[in-house]
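J.: This is data_15.pdb, which holds PDB, C-alpha atoms:
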```
ATOM      1  CA  MET A   5     215.400 133.276 183.952
ATOM      2  CA  ALA A   6     218.064 134.830 186.195
ATOM      3  CA  SER A   7     216.796 133.043 189.296
ATOM      4  CA  ASP A   8     217.781 129.716 187.689
ATOM      5  CA  ARG A   9     221.307 130.774 186.753
ATOM      6  CA  PRO A  10     224.349 130.579 189.020
ATOM      7  CA  ILE A  11     225.997 133.455 190.821
ATOM      8  CA  LEU A  12     229.740 133.916 190.362
ATOM      9  CA  LEU A  13     231.324 135.097 193.603
ATOM     10  CA  VAL A  14     234.904 136.266 193.081
ATOM     11  CA  GLU A  15     236.337 136.509 196.581
ATOM     12  CA  ASP A  16     239.764 135.604 197.966
ATOM     13  CA  ASN A  17     238.988 136.112 201.665
ATOM     14  CA  PRO A  18     237.551 132.883 203.164
ATOM     15  CA  ASP A  19     235.768 134.829 205.926
ATOM     16  CA  ASP A  20     234.059 137.161 203.419
ATOM     17  CA  GLU A  21     233.171 134.145 201.268
ATOM     18  CA  ALA A  22     231.573 132.387 204.266
ATOM     19  CA  LEU A  23     229.695 135.561 205.268
ATOM     20  CA  THR A  24     228.386 136.028 201.728
ATOM     21  CA  LEU A  25     227.235 132.410 201.470
ATOM     22  CA  ARG A  26     225.577 132.693 204.877
ATOM     23  CA  ALA A  27     223.868 135.925 203.812
ATOM     24  CA  PHE A  28     222.564 134.191 200.658
ATOM     25  CA  HIS A  29     221.187 131.393 202.825
ATOM     26  CA  LYS A  30     219.547 133.800 205.307
ATOM     27  CA  ASN A  31     217.922 135.652 202.379
ATOM     28  CA  ARG A  32     216.693 132.392 200.812
ATOM     29  CA  ILE A  33     218.815 132.878 197.698
ATOM     30  CA  HIS A  34     219.179 129.307 196.476
ATOM     31  CA  ASN A  35     221.067 129.840 193.229
ATOM     32  CA  GLN A  36     224.166 127.755 192.779
ATOM     33  CA  VAL A  37     227.136 129.868 193.837
ATOM     34  CA  ILE A  38     230.378 129.383 191.935
ATOM     35  CA  VAL A  39     233.303 130.679 193.990
ATOM     36  CA  ALA A  40     236.472 131.891 192.302
ATOM     37  CA  ARG A  41     239.226 132.773 194.748
ATOM     38  CA  ASP A  42     241.278 134.912 192.380
ATOM     39  CA  GLY A  43     240.993 136.677 189.049
ATOM     40  CA  VAL A  44     242.439 133.788 187.041
ATOM     41  CA  GLU A  45     239.842 131.346 188.429
ATOM     42  CA  ALA A  46     237.053 133.810 187.603
ATOM     43  CA  LEU A  47     238.200 134.269 184.011
ATOM     44  CA  ASP A  48     238.765 130.508 183.569
ATOM     45  CA  TYR A  49     235.157 129.888 184.650
ATOM     46  CA  LEU A  50     233.678 132.616 182.451
ATOM     47  CA  PHE A  51     235.679 131.702 179.336
ATOM     48  CA  GLY A  52     235.732 127.913 179.803
ATOM     49  CA  ASN A  53     239.490 127.586 180.258
ATOM     50  CA  GLY A  54     241.703 125.537 182.576
ATOM     51  CA  PRO A  55     239.668 123.382 184.961
ATOM     52  CA  HIS A  56     236.474 124.707 183.332
ATOM     53  CA  ALA A  57     237.401 123.661 179.770
ATOM     54  CA  GLY A  58     234.351 122.120 178.160
ATOM     55  CA  ARG A  59     231.908 123.968 180.426
ATOM     56  CA  ASP A  60     228.602 124.903 178.745
ATOM     57  CA  LEU A  61     229.274 128.563 177.948
ATOM     58  CA  SER A  62     225.619 129.197 177.173
ATOM     59  CA  ILE A  63     225.009 129.102 180.937
ATOM     60  CA  MET A  64     226.400 132.360 182.239
ATOM     61  CA  PRO A  65     226.004 133.716 185.766
ATOM     62  CA  ALA A  66     222.966 135.821 186.588
ATOM     63  CA  VAL A  67     225.400 138.227 188.252
ATOM     64  CA  VAL A  68     229.121 138.412 189.016
ATOM     65  CA  LEU A  69     229.968 139.665 192.516
ATOM     66  CA  LEU A  70     233.529 140.895 192.143
ATOM     67  CA  ASP A  71     236.035 141.832 194.819
ATOM     68  CA  LEU A  72     238.769 144.212 193.685
ATOM     69  CA  LYS A  73     241.791 143.213 195.741
ATOM     70  CA  LEU A  74     242.458 139.748 194.307
ATOM     71  CA  PRO A  75     245.636 137.694 193.854
ATOM     72  CA  ARG A  76     247.104 136.930 190.417
ATOM     73  CA  ILE A  77     244.717 139.194 188.447
ATOM     74  CA  ASP A  78     242.948 142.025 190.280
ATOM     75  CA  GLY A  79     239.230 142.711 190.057
ATOM     76  CA  LEU A  80     239.527 145.724 187.757
ATOM     77  CA  GLU A  81     241.458 143.665 185.202
ATOM     78  CA  VAL A  82     238.845 140.900 185.483
ATOM     79  CA  LEU A  83     236.150 143.498 184.767
ATOM     80  CA  ARG A  84     238.156 144.880 181.821
ATOM     81  CA  ARG A  85     238.392 141.385 180.278
ATOM     82  CA  ILE A  86     234.710 140.624 180.910
ATOM     83  CA  ARG A  87     233.683 143.791 179.065
ATOM     84  CA  ALA A  88     236.148 143.145 176.208
ATOM     85  CA  ASN A  89     234.707 139.718 175.357
ATOM     86  CA  GLU A  90     231.585 139.428 173.180
ATOM     87  CA  ASN A  91     230.294 136.465 175.203
ATOM     88  CA  THR A  92     230.479 138.257 178.560
ATOM     89  CA  CYS A  93     230.323 141.991 177.840
ATOM     90  CA  LEU A  94     226.683 142.282 178.930
ATOM     91  CA  LEU A  95     226.974 140.257 182.152
ATOM     92  CA  PRO A  96     225.859 142.175 185.228
ATOM     93  CA  VAL A  97     228.953 142.821 187.357
ATOM     94  CA  VAL A  98     228.593 144.169 190.874
ATOM     95  CA  ILE A  99     231.789 145.219 192.596
ATOM     96  CA  LEU A 100     231.477 144.065 196.200
ATOM     97  CA  THR A 101     234.555 145.237 198.079
ATOM     98  CA  THR A 102     235.898 146.892 201.207
ATOM     99  CA  SER A 103     237.765 149.490 199.120
ATOM    100  CA  ARG A 104     236.721 153.082 199.772
ATOM    101  CA  GLU A 105     239.236 154.526 197.316
ATOM    102  CA  GLN A 106     237.613 157.037 194.943
ATOM    103  CA  GLN A 107     239.959 155.890 192.172
ATOM    104  CA  ASP A 108     238.600 152.319 192.482
ATOM    105  CA  ILE A 109     235.005 153.575 192.322
ATOM    106  CA  TYR A 110     235.753 155.773 189.303
ATOM    107  CA  GLU A 111     237.707 153.074 187.487
ATOM    108  CA  GLY A 112     235.096 150.393 188.273
ATOM    109  CA  TYR A 113     232.304 152.433 186.722
ATOM    110  CA  SER A 114     234.533 153.546 183.828
ATOM    111  CA  LEU A 115     235.182 149.888 182.989
ATOM    112  CA  GLY A 116     231.472 149.105 182.985
ATOM    113  CA  ALA A 117     230.573 147.898 186.487
ATOM    114  CA  ASN A 118     226.816 147.835 186.964
ATOM    115  CA  SER A 119     227.113 148.707 190.637
ATOM    116  CA  TYR A 120     229.753 149.402 193.286
ATOM    117  CA  ILE A 121     228.945 148.315 196.820
ATOM    118  CA  ARG A 122     231.172 148.598 199.848
ATOM    119  CA  LYS A 123     230.924 145.589 202.122
ATOM    120  CA  PRO A 124     229.359 146.679 205.399
ATOM    121  CA  VAL A 125     231.400 145.724 208.439
ATOM    122  CA  ASP A 126     228.255 144.940 210.474
ATOM    123  CA  PHE A 127     226.958 141.444 209.620
ATOM    124  CA  GLU A 128     223.260 142.383 209.891
ATOM    125  CA  LYS A 129     223.795 145.232 207.416
ATOM    126  CA  PHE A 130     225.710 142.846 205.169
ATOM    127  CA  ILE A 131     222.792 140.360 205.224
ATOM    128  CA  GLN A 132     220.440 143.187 204.299
ATOM    129  CA  ALA A 133     222.720 144.366 201.465
ATOM    130  CA  VAL A 134     223.003 140.834 200.026
ATOM    131  CA  GLY A 135     219.222 140.427 200.240
ATOM    132  CA  GLN A 136     218.719 143.631 198.261
ATOM    133  CA  LEU A 137     221.327 142.508 195.712
ATOM    134  CA  GLY A 138     219.537 139.186 195.304
ATOM    135  CA  LEU A 139     216.120 140.787 194.968
ATOM    136  CA  TYR A 140     217.295 143.195 192.296
ATOM    137  CA  TRP A 141     219.685 141.088 190.201
ATOM    138  CA  LEU A 142     217.901 137.728 190.472
ATOM    139  CA  VAL A 143     214.242 138.739 190.523
ATOM    140  CA  LEU A 144     213.572 142.298 189.324
ATOM    141  CA  ASN A 145     216.253 142.894 186.701
ATOM    142  CA  GLU A 146     215.358 141.881 183.139
ATOM    143  CA  ALA A 147     218.498 140.425 181.616
ATOM    144  CA  VAL A 148     219.336 140.346 177.945
ATOM    145  CA  GLU A 149     219.969 136.797 176.824
ATOM    146  CA  PHE A 150     222.198 136.083 173.864
ATOM    147  CA  VAL A 151     221.882 132.883 171.907
ATOM    148  CA  ARG A 152     224.376 131.687 169.308
ATOM    149  CA  ALA A 153     222.775 131.307 165.909
ATOM    150  CA  GLY A 154     224.998 130.322 163.004
ATOM    151  CA  GLY A 155     228.152 131.498 164.779
ATOM    152  CA  ALA A 156     226.770 134.946 165.622
ATOM    153  CA  PHE A 157     224.758 136.143 168.590
ATOM    154  CA  THR A 158     221.109 137.017 168.356
ATOM    155  CA  THR A 159     219.047 138.581 171.102
ATOM    156  CA  HIS A 160     216.480 136.562 172.935
ATOM    157  CA  THR A 161     215.058 139.468 174.877
ATOM    158  CA  PRO A 162     211.604 139.145 176.400
ATOM    159  CA  VAL A 163     209.515 142.161 175.450
ATOM    160  CA  PRO A 164     207.047 143.057 178.203
ATOM    161  CA  ALA A 165     203.357 142.738 177.358
ATOM    162  CA  GLY A 166     201.759 146.032 176.404
ATOM    163  CA  ILE A 167     204.780 147.425 174.551
ATOM    164  CA  ASP A 168     203.577 148.649 171.183
ATOM    165  CA  ARG A 169     205.460 148.358 167.891
ATOM    166  CA  PHE A 170     207.172 151.728 168.454
ATOM    167  CA  GLY A 171     208.359 150.680 171.939
ATOM    168  CA  ARG A 172     209.603 147.363 170.582
ATOM    169  CA  GLU A 173     211.563 149.151 167.844
ATOM    170  CA  LEU A 174     213.147 151.494 170.407
ATOM    171  CA  MET A 175     214.153 148.527 172.568
ATOM    172  CA  GLU A 176     215.651 146.742 169.564
ATOM    173  CA  GLN A 177     217.593 149.882 168.563
ATOM    174  CA  TYR A 178     218.898 150.309 172.108
ATOM    175  CA  PHE A 179     220.069 146.696 172.401
ATOM    176  CA  ALA A 180     221.576 146.757 168.900
ATOM    177  CA  ALA A 181     223.581 149.905 169.730
ATOM    178  CA  PHE A 182     224.731 148.426 173.036
ATOM    179  CA  ALA A 183     225.725 145.166 171.353
ATOM    180  CA  ARG A 184     227.688 147.066 168.664
ATOM    181  CA  GLU A 185     229.668 148.793 171.431
ATOM    182  CA  CYS A 186     230.520 145.340 172.802
ATOM    183  CA  GLY A 187     231.513 144.064 169.348
ATOM    184  CA  ILE A 188     228.553 141.667 169.016
ATOM    185  CA  THR A 189     227.120 141.275 165.539
ATOM    186  CA  PHE A 190     223.589 140.162 164.763
TER     187      PHE A 190
END
```
I need this file expressed as structure tokens, please.
T.:
Amino acid sequence: MASDRPILLVEDNPDDEALTLRAFHKNRIHNQVIVARDGVEALDYLFGNGPHAGRDLSIMPAVVLLDLKLPRIDGLEVLRRIRANENTCLLPVVILTTSREQQDIYEGYSLGANSYIRKPVDFEKFIQAVGQLGLYWLVLNEAVEFVRAGGAFTTHTPVPAGIDRFGRELMEQYFAAFARECGITF
């Protein structure tokens, strides 16, 4: 369940990090928050490298909140690498940034961002935005879970009650096509 999984916050600005953590607290979002302060730290966490070597890679974040203007490796390159890896290509990634540049918005969506949100300057609006993010990505969104079976991934997707055989087949076809695009074999 997404509400049990951590949130990966990729943010280099200590003030924005503190505001985000405070907004999580005010919205009663109690997931563990992993903070990566640059693109290298984010990728090390996701891929189990560097200080995260040996991390249980079956526990992926419920959502990645990704700033764009990061040191060492920028947010768009982080997103590109997330989408290029079979273990992370389906992770929900929300770009949470101050950038208003149309090129950033276009490129973020082109690389597979699930959402692009500009950080509100007003703290009360920011708290509200984080609350809506938490409600959607941690409670309402049905995530696809992938489980390693014999070296390959297999879906462990809950099928809602009331879906008939035809609906189940359509769901399986959709997820199989999406997984093929990400290079995942079943």
J.: Do you have the atom CA of Val67 of chain A-atom CA of Pro96 of chain A distance handy?
T.: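 Atom-to-atom, atom CA of Val67 of chain A to atom CA of Pro96 of chain A, that is 5.0 Å.
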J.: Counting all atoms listed in the file, figure out which residue out of A:Glu128, A:Asp108, A:Glu21, A:Asp8 gets nearest to Gly79 of chain A.
T.: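 Looking at the shortest contact to Gly79 of chain A, the residue is A:Asp108.
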J.: Can you work out the spacing between atom CA of Gly54 of chain A and atom CA of Asp19 of chain A in Å, to one decimal?
T.: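 Atom CA of Asp19 of chain A lies at a distance of 25.8 Å from atom CA of Gly54 of chain A.
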J.: I'd like the residues picked by the PyMOL selection byres ((chain A and resi 24-40) around 6) written out as a list in words, using the chain letters and numbers from the file.
T.: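 After applying the PyMOL selection byres ((chain A and resi 24-40) around 6), what remains is Pro10, Ile11, Leu12, Leu13, Val14, Glu21, Ala22, Leu23, Arg41, Asp42, Glu45, Ala46, Ile131 and Gly135 of chain A.
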J.: Tell me which residues the PyMOL selection byres ((chain A and resi 64) around 9) grabs here, as a JSON list (two decimals) with C-alpha atoms, in the frame of the given file.
T.:
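result_10.json was written with the following content:
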```
[["chain", "number", "residue", "atom", "x", "y", "z"],
["A", 9, "ARG", "CA", 221.31, 130.77, 186.75],
["A", 10, "PRO", "CA", 224.35, 130.58, 189.02],
["A", 11, "ILE", "CA", 226.00, 133.46, 190.82],
["A", 12, "LEU", "CA", 229.74, 133.92, 190.36],
["A", 50, "LEU", "CA", 233.68, 132.62, 182.45],
["A", 60, "ASP", "CA", 228.60, 124.90, 178.74],
["A", 61, "LEU", "CA", 229.27, 128.56, 177.95],
["A", 62, "SER", "CA", 225.62, 129.20, 177.17],
["A", 63, "ILE", "CA", 225.01, 129.10, 180.94],
["A", 65, "PRO", "CA", 226.00, 133.72, 185.77],
["A", 66, "ALA", "CA", 222.97, 135.82, 186.59],
["A", 67, "VAL", "CA", 225.40, 138.23, 188.25],
["A", 92, "THR", "CA", 230.48, 138.26, 178.56],
["A", 95, "LEU", "CA", 226.97, 140.26, 182.15]]
```
J.: Could segment 63-74 of chain A be completed with all heavy atoms and written as a PDB file, keeping the file's coordinate frame, please?
T.:
```
ATOM      1  N   ILE A  63     225.515 128.859 179.583  1.00  0.00           N
ATOM      2  CA  ILE A  63     225.009 129.102 180.937  1.00  0.00           C
ATOM      3  C   ILE A  63     225.971 130.060 181.620  1.00  0.00           C
ATOM      4  O   ILE A  63     227.030 129.672 182.099  1.00  0.00           O
ATOM      5  CB  ILE A  63     224.875 127.792 181.740  1.00  0.00           C
ATOM      6  CG1 ILE A  63     223.922 126.850 181.022  1.00  0.00           C
ATOM      7  CG2 ILE A  63     224.411 128.091 183.166  1.00  0.00           C
ATOM      8  CD1 ILE A  63     223.881 125.458 181.609  1.00  0.00           C
ATOM      9  N   MET A  64     225.586 131.326 181.615  1.00  0.00           N
ATOM     10  CA  MET A  64     226.400 132.360 182.239  1.00  0.00           C
ATOM     11  C   MET A  64     225.764 132.750 183.571  1.00  0.00           C
ATOM     12  O   MET A  64     224.567 132.566 183.775  1.00  0.00           O
ATOM     13  CB  MET A  64     226.502 133.592 181.337  1.00  0.00           C
ATOM     14  CG  MET A  64     227.437 133.405 180.168  1.00  0.00           C
ATOM     15  SD  MET A  64     229.142 133.293 180.770  1.00  0.00           S
ATOM     16  CE  MET A  64     229.991 132.896 179.265  1.00  0.00           C
ATOM     17  N   PRO A  65     226.562 133.315 184.466  1.00  0.00           N
ATOM     18  CA  PRO A  65     226.004 133.716 185.766  1.00  0.00           C
ATOM     19  C   PRO A  65     224.929 134.785 185.618  1.00  0.00           C
ATOM     20  O   PRO A  65     224.972 135.605 184.689  1.00  0.00           O
ATOM     21  CB  PRO A  65     227.199 134.276 186.521  1.00  0.00           C
ATOM     22  CG  PRO A  65     228.404 133.944 185.730  1.00  0.00           C
ATOM     23  CD  PRO A  65     227.981 133.602 184.353  1.00  0.00           C
ATOM     24  N   ALA A  66     223.975 134.764 186.540  1.00  0.00           N
ATOM     25  CA  ALA A  66     222.966 135.821 186.588  1.00  0.00           C
ATOM     26  C   ALA A  66     223.632 137.136 186.973  1.00  0.00           C
ATOM     27  O   ALA A  66     223.237 138.204 186.508  1.00  0.00           O
ATOM     28  CB  ALA A  66     221.878 135.463 187.592  1.00  0.00           C
ATOM     29  N   VAL A  67     224.656 137.049 187.812  1.00  0.00           N
ATOM     30  CA  VAL A  67     225.400 138.227 188.252  1.00  0.00           C
ATOM     31  C   VAL A  67     226.781 137.764 188.707  1.00  0.00           C
ATOM     32  O   VAL A  67     226.945 136.649 189.194  1.00  0.00           O
ATOM     33  CB  VAL A  67     224.652 138.977 189.386  1.00  0.00           C
ATOM     34  CG1 VAL A  67     224.501 138.123 190.631  1.00  0.00           C
ATOM     35  CG2 VAL A  67     225.292 140.315 189.713  1.00  0.00           C
ATOM     36  N   VAL A  68     227.766 138.634 188.520  1.00  0.00           N
ATOM     37  CA  VAL A  68     229.121 138.412 189.016  1.00  0.00           C
ATOM     38  C   VAL A  68     229.325 139.387 190.173  1.00  0.00           C
ATOM     39  O   VAL A  68     229.179 140.595 190.005  1.00  0.00           O
ATOM     40  CB  VAL A  68     230.183 138.671 187.922  1.00  0.00           C
ATOM     41  CG1 VAL A  68     231.589 138.517 188.488  1.00  0.00           C
ATOM     42  CG2 VAL A  68     229.965 137.757 186.728  1.00  0.00           C
ATOM     43  N   LEU A  69     229.623 138.842 191.356  1.00  0.00           N
ATOM     44  CA  LEU A  69     229.968 139.665 192.516  1.00  0.00           C
ATOM     45  C   LEU A  69     231.490 139.660 192.609  1.00  0.00           C
ATOM     46  O   LEU A  69     232.101 138.620 192.845  1.00  0.00           O
ATOM     47  CB  LEU A  69     229.342 139.097 193.789  1.00  0.00           C
ATOM     48  CG  LEU A  69     227.824 138.976 193.771  1.00  0.00           C
ATOM     49  CD1 LEU A  69     227.322 138.381 195.067  1.00  0.00           C
ATOM     50  CD2 LEU A  69     227.173 140.323 193.500  1.00  0.00           C
ATOM     51  N   LEU A  70     232.092 140.810 192.383  1.00  0.00           N
ATOM     52  CA  LEU A  70     233.529 140.895 192.143  1.00  0.00           C
ATOM     53  C   LEU A  70     234.236 141.733 193.194  1.00  0.00           C
ATOM     54  O   LEU A  70     233.951 142.929 193.339  1.00  0.00           O
ATOM     55  CB  LEU A  70     233.750 141.509 190.756  1.00  0.00           C
ATOM     56  CG  LEU A  70     235.162 141.716 190.262  1.00  0.00           C
ATOM     57  CD1 LEU A  70     235.894 140.383 190.112  1.00  0.00           C
ATOM     58  CD2 LEU A  70     235.140 142.467 188.926  1.00  0.00           C
ATOM     59  N   ASP A  71     235.151 141.096 193.916  1.00  0.00           N
ATOM     60  CA  ASP A  71     236.035 141.832 194.819  1.00  0.00           C
ATOM     61  C   ASP A  71     237.125 142.474 193.963  1.00  0.00           C
ATOM     62  O   ASP A  71     237.413 142.017 192.856  1.00  0.00           O
ATOM     63  CB  ASP A  71     236.642 140.863 195.841  1.00  0.00           C
ATOM     64  CG  ASP A  71     237.367 141.572 196.977  1.00  0.00           C
ATOM     65  OD1 ASP A  71     237.208 142.802 197.128  1.00  0.00           O
ATOM     66  OD2 ASP A  71     238.104 140.893 197.709  1.00  0.00           O
ATOM     67  N   LEU A  72     237.723 143.533 194.459  1.00  0.00           N
ATOM     68  CA  LEU A  72     238.769 144.212 193.685  1.00  0.00           C
ATOM     69  C   LEU A  72     240.170 143.734 194.031  1.00  0.00           C
ATOM     70  O   LEU A  72     241.001 143.553 193.152  1.00  0.00           O
ATOM     71  CB  LEU A  72     238.692 145.728 193.894  1.00  0.00           C
ATOM     72  CG  LEU A  72     237.476 146.421 193.309  1.00  0.00           C
ATOM     73  CD1 LEU A  72     237.578 147.918 193.533  1.00  0.00           C
ATOM     74  CD2 LEU A  72     237.303 146.104 191.838  1.00  0.00           C
ATOM     75  N   LYS A  73     240.439 143.560 195.295  1.00  0.00           N
ATOM     76  CA  LYS A  73     241.791 143.213 195.741  1.00  0.00           C
ATOM     77  C   LYS A  73     241.953 141.698 195.698  1.00  0.00           C
ATOM     78  O   LYS A  73     241.707 141.003 196.677  1.00  0.00           O
ATOM     79  CB  LYS A  73     242.041 143.744 197.160  1.00  0.00           C
ATOM     80  CG  LYS A  73     241.707 145.210 197.354  1.00  0.00           C
ATOM     81  CD  LYS A  73     242.512 146.117 196.457  1.00  0.00           C
ATOM     82  CE  LYS A  73     242.160 147.577 196.748  1.00  0.00           C
ATOM     83  NZ  LYS A  73     242.564 148.495 195.745  1.00  0.00           N
ATOM     84  N   LEU A  74     242.336 141.190 194.534  1.00  0.00           N
ATOM     85  CA  LEU A  74     242.458 139.748 194.307  1.00  0.00           C
ATOM     86  C   LEU A  74     243.890 139.379 193.953  1.00  0.00           C
ATOM     87  O   LEU A  74     244.603 140.173 193.338  1.00  0.00           O
ATOM     88  CB  LEU A  74     241.559 139.320 193.137  1.00  0.00           C
ATOM     89  CG  LEU A  74     240.057 139.512 193.304  1.00  0.00           C
ATOM     90  CD1 LEU A  74     239.350 139.318 191.969  1.00  0.00           C
ATOM     91  CD2 LEU A  74     239.521 138.542 194.345  1.00  0.00           C
TER      92      LEU A  74
END
```
